[in-house]
Amino acid sequence: MAITPRSLLERAPARAPLPATGKPARAAGAPVVELREVSKIYDGGTVGLERASMRIGRGEFVFLVGATGCGKSTCIRLLMKELEPSAGSILIAGKDLDHVDRKQVPLLRRNIGTVFQDYKLLPNRTVYDNVAYSLQVIGEPRQEIRRKVPDILRLVGLSTKLHNFPDQLSGGEQQRVSIARAFVNHPPLLLADEPTGNLDPETSIGIMQLIYRINRTGTTVVVATHDSAMVDKMRRRVIELREGRIVRDELSGLYRPDESTTEFAVRLRGEMGVGAEGHPN
Amino acid sequence: MHVGFFFKEAFRGLSRNSAPALAALLTVLLTALVLGVFIPIVQATTGTANEVRGRVAVDVYVTAGSTAAERTQLREAIERTANVGSVDFISKAEGLRQAKEKNPRAFAEGTELLGGNPLPDTFRIIPEDPGRVSAIVDRLAPKDPNGERVPSLAGIDEVRNKESDTDKILSATGLVKILTAGLAALLIFASVALVANTIRLSIFSRRREVEVMKLVGATNWFIRWPFVIEGIFVGFMGGVLAVLLLTIAKETFIDPLEERFALLAAPETIDFPLLVIVLLLACVAVSALGSALTLRRFLRV
């Protein structure tokens, strides 16, 4: 089956009901994202991900949390087929990424919006052209582009900066552009890798609001982050990774499970400096 | 339907990255110039060398006072000898006329001083293979035990092939051929490497752009076409400029010379329009291919 834009995934109705139990939800039908015992060992033996399994249903909002080097970014890059897993299989909307050949990768990516810590905008194009490019790529007619781009830029609050270049914008504004680009053709899945990593807390809230609004339209959202304040406030599903393993998966979780001051003090004294820091992403 | 978009993208790329594009254009221009000058030069030198080789000849002097019948007999005998290509008869009178033409002042006083025409009747032999000319001489006048050459046929007075000159010419033309061929190969290799490298640099500076394009789901050809169009444009412009400069040089330097010295026009060289077409095609092909191939590395994301 060839992947065509929009046919890959159908979006769930807005506000998918979330079960109130503490266990991960089993969404009806094929999950949007499914990892089965996925491992990724980089050349040189660094472990990116080890036997990770997860299911993310339609319309879910999921935080991937963990320290630097725990495998968050590896997970995101595996999902967009920028990397190949060393073992296990990854299914997007029930389709095994192993069966998606090189030529189909662009078609896959058109169905996945991506947002990065470093925005990844095209430096020599205006805000408008940056957003328009992802529509030109899928062969959208010019009229549609002229209609949709200003619309989405108004949605992210940049209607006055249409013709500015990325280096004339603040970090928060650039991230808004990249969100607009990721969402302009309404992909069923949005992946965000540290979307607030470079931003101050106030701006971060604005960005997270945007992503949350996108989620409310029925788009499945996976956010890799180490922004604990944000995770704690939003109380969505949290999947915690440590050294490539999934160690926690709970609905409406905290960045760290409840921890008393004493426990934290023990951790501070005992673990500092000998943790899993220093792994490349 | 994409065509307009691709062209727009290509020209956006050219204007935003004008410095590397200009470098690539200059490289193409210089390469084309060098090739444009070198191709006719190589042809001229090998042409001249071939012509010189064609002039290698054996002169057979006929004994004075021979009859027409004897000469006919001799001619047939010579024609039967191996490796003989053509045989020309140059009579005494004809020989004098040629000598006068070559050096009019020496013969201005007429032949009174010499007491008659001193030149013998001559058969001029053009060998089929100039490399084996000495075989003819050996056949017509083999060496006797004392090392003197003795004519083998009746009616031959002497056989001459200006041996030392011939040998020199033959070895020189061989060397010229090898040298020019080697130089041409080196030059073409250097040019292609230079053009490919410049294009690689100009694309390398934009690899991040390509990466982002892949990220939003652009297919490889969607990314590649603007770059290829850029390459074609740069190659074409470089080629056109080179042709213009070559034309100017030809009009100002070569053409007046050609009128004054017939010698320059003698060797067969490539037609100018054909040269122009070859150069343009080569420029466009090299830079378009260079763009497309260089991109391949960055498209593997």
# chains A, B, ... in the order shown; residues from 1 in each chain; ligands from 1
call {"tool": "residues_around", "arguments": {"residues": "segment 169-178 of chain A", "least_positions_apart": "2", "cutoff": "7 Å", "atoms": "only C-alpha atoms", "output": "list of chain:residue names"}}
result
A:Val115, A:Tyr119, A:Leu121, A:Val127, A:Val156, A:Pro166, A:Asp167, A:Ala180, A:Arg181, A:Ala182, A:Leu199, A:Thr203, A:Ile207
call {"tool": "interface_residues", "arguments": {"of": "chain A", "to": "chain B", "cutoff": "7 Å", "atoms": "only C-alpha atoms", "output": "VMD selection string"}}
result
chain A and resid 82 106 to 107 109 to 110 120 122 134 137
call {"tool": "select_by_dssp", "arguments": {"residues": "segment 42-262 of chain A", "states": "alpha helix (DSSP H)", "output": "PyMOL selection string"}}
result
chain A and resi 72-79+105-110+127-137+142-155+171-183+201-216+228-234+261-262
call {"tool": "residues_around", "arguments": {"residues": "segment 86-91 of chain A", "least_positions_apart": "5", "cutoff": "6 Å", "atoms": "only C-alpha atoms", "output": "PyMOL selection string"}}
result
chain A and resi 33-40+96-97
call {"tool": "residues_around", "arguments": {"residues": "segment 246-250 of chain A", "least_positions_apart": "2", "cutoff": "10 Å", "atoms": "only C-alpha atoms", "output": "ChimeraX atom specification"}}
result
/A:21-25,49-54,62-66,70-71,235-244,252-254,256-257
call {"tool": "atom_distance", "arguments": {"atom1": "atom CA of Ala69 of chain B", "atom2": "atom CA of Ala154 of chain B"}}
result
12.2 Å
call {"tool": "select_by_dssp", "arguments": {"residues": "segment 102-243 of chain B", "states": "strand (DSSP E or B)", "output": "list of chain:residue names"}}
result
B:Thr122, B:Phe123, B:Arg124, B:Ile125, B:Ile126, B:Pro127, B:Lys143, B:Arg149, B:Ile156, B:Asp157, B:Glu158, B:Val159, B:Arg160
call {"tool": "write_last_selection", "arguments": {"atoms": "N, CA, C and O atoms", "output": "CSV table (one decimal), in the first residue's frame"}}
result
chain,number,residue,atom,x,y,z
B,122,THR,N,65.0,13.0,-62.2
B,122,THR,CA,64.8,12.4,-60.9
B,122,THR,C,63.5,11.7,-60.8
B,122,THR,O,62.5,12.2,-61.3
B,123,PHE,N,63.5,10.5,-60.1
B,123,PHE,CA,62.2,9.9,-59.7
B,123,PHE,C,62.1,10.2,-58.2
B,123,PHE,O,63.0,9.9,-57.4
B,124,ARG,N,61.0,10.9,-57.8
B,124,ARG,CA,60.7,11.1,-56.4
B,124,ARG,C,59.8,10.1,-55.9
B,124,ARG,O,58.6,10.0,-56.4
B,125,ILE,N,60.2,9.3,-54.9
B,125,ILE,CA,59.3,8.2,-54.3
B,125,ILE,C,58.8,8.7,-53.0
B,125,ILE,O,59.5,9.1,-52.1
B,126,ILE,N,57.4,8.6,-52.9
B,126,ILE,CA,56.8,8.8,-51.6
B,126,ILE,C,56.5,7.5,-51.0
B,126,ILE,O,55.7,6.7,-51.6
B,127,PRO,N,57.1,7.1,-49.9
B,127,PRO,CA,56.8,5.8,-49.3
B,127,PRO,C,55.4,5.7,-48.7
B,127,PRO,O,54.8,6.7,-48.3
B,143,LYS,N,74.0,-1.8,-49.7
B,143,LYS,CA,75.4,-1.5,-49.4
B,143,LYS,C,76.3,-2.6,-49.8
B,143,LYS,O,76.0,-3.8,-49.6
B,149,ARG,N,77.2,2.6,-51.3
B,149,ARG,CA,75.9,2.1,-51.8
B,149,ARG,C,76.1,1.9,-53.3
B,149,ARG,O,76.6,2.8,-54.0
B,156,ILE,N,70.2,3.8,-62.7
B,156,ILE,CA,70.2,4.6,-61.5
B,156,ILE,C,71.6,5.1,-61.3
B,156,ILE,O,72.6,4.3,-61.3
B,157,ASP,N,71.7,6.4,-61.1
B,157,ASP,CA,73.0,7.0,-60.8
B,157,ASP,C,73.3,7.0,-59.3
B,157,ASP,O,74.3,6.6,-58.9
B,158,GLU,N,72.2,7.5,-58.6
B,158,GLU,CA,72.4,7.6,-57.2
B,158,GLU,C,71.0,7.5,-56.5
B,158,GLU,O,70.0,8.0,-57.1
B,159,VAL,N,71.0,7.0,-55.2
B,159,VAL,CA,69.7,7.1,-54.4
B,159,VAL,C,70.0,7.9,-53.2
B,159,VAL,O,70.9,7.7,-52.5
B,160,ARG,N,69.1,8.8,-53.0
B,160,ARG,CA,69.3,9.7,-51.8
B,160,ARG,C,68.0,9.8,-51.0
B,160,ARG,O,66.9,9.9,-51.6
call {"tool": "residues_around", "arguments": {"residues": "Ala64 of chain B", "least_positions_apart": "3", "cutoff": "9 Å", "atoms": "only C-alpha atoms", "output": "PyMOL selection string"}}
result
chain B and resi 61+120-121+155+157
call {"tool": "atom_distance", "arguments": {"atom1": "atom CA of Met237 of chain B", "atom2": "atom CA of Arg125 of chain A"}}
result
25.7 Å
call {"tool": "residues_around", "arguments": {"residues": "Ser73 of chain A", "least_positions_apart": "5", "cutoff": "9 Å", "atoms": "only C-alpha atoms", "output": "mmCIF file with N, CA and C atoms, in the first residue's frame"}}
result
data_model
loop_
_atom_site.group_PDB
_atom_site.id
_atom_site.type_symbol
_atom_site.label_atom_id
_atom_site.label_comp_id
_atom_site.auth_asym_id
_atom_site.auth_seq_id
_atom_site.Cartn_x
_atom_site.Cartn_y
_atom_site.Cartn_z
ATOM 1 N N GLY A 48 21.436 3.900 22.150
ATOM 2 C CA GLY A 48 20.480 4.987 22.018
ATOM 3 C C GLY A 48 19.157 4.594 22.642
ATOM 4 N N LEU A 78 14.061 8.041 15.159
ATOM 5 C CA LEU A 78 13.639 6.736 14.642
ATOM 6 C C LEU A 78 12.234 6.841 14.050
ATOM 7 N N ASP A 193 11.019 17.814 19.288
ATOM 8 C CA ASP A 193 12.222 17.430 20.024
ATOM 9 C C ASP A 193 12.733 18.661 20.771
ATOM 10 N N GLU A 194 12.522 18.697 22.060
ATOM 11 C CA GLU A 194 12.921 19.837 22.901
ATOM 12 C C GLU A 194 12.429 21.151 22.307
ATOM 13 N N ALA A 224 9.392 15.453 23.160
ATOM 14 C CA ALA A 224 10.542 15.074 23.976
ATOM 15 C C ALA A 224 11.018 16.323 24.688
ATOM 16 N N ASN A 281 23.576 12.441 22.098
ATOM 17 C CA ASN A 281 22.180 12.185 21.750
ATOM 18 C C ASN A 281 22.078 11.275 20.569
#
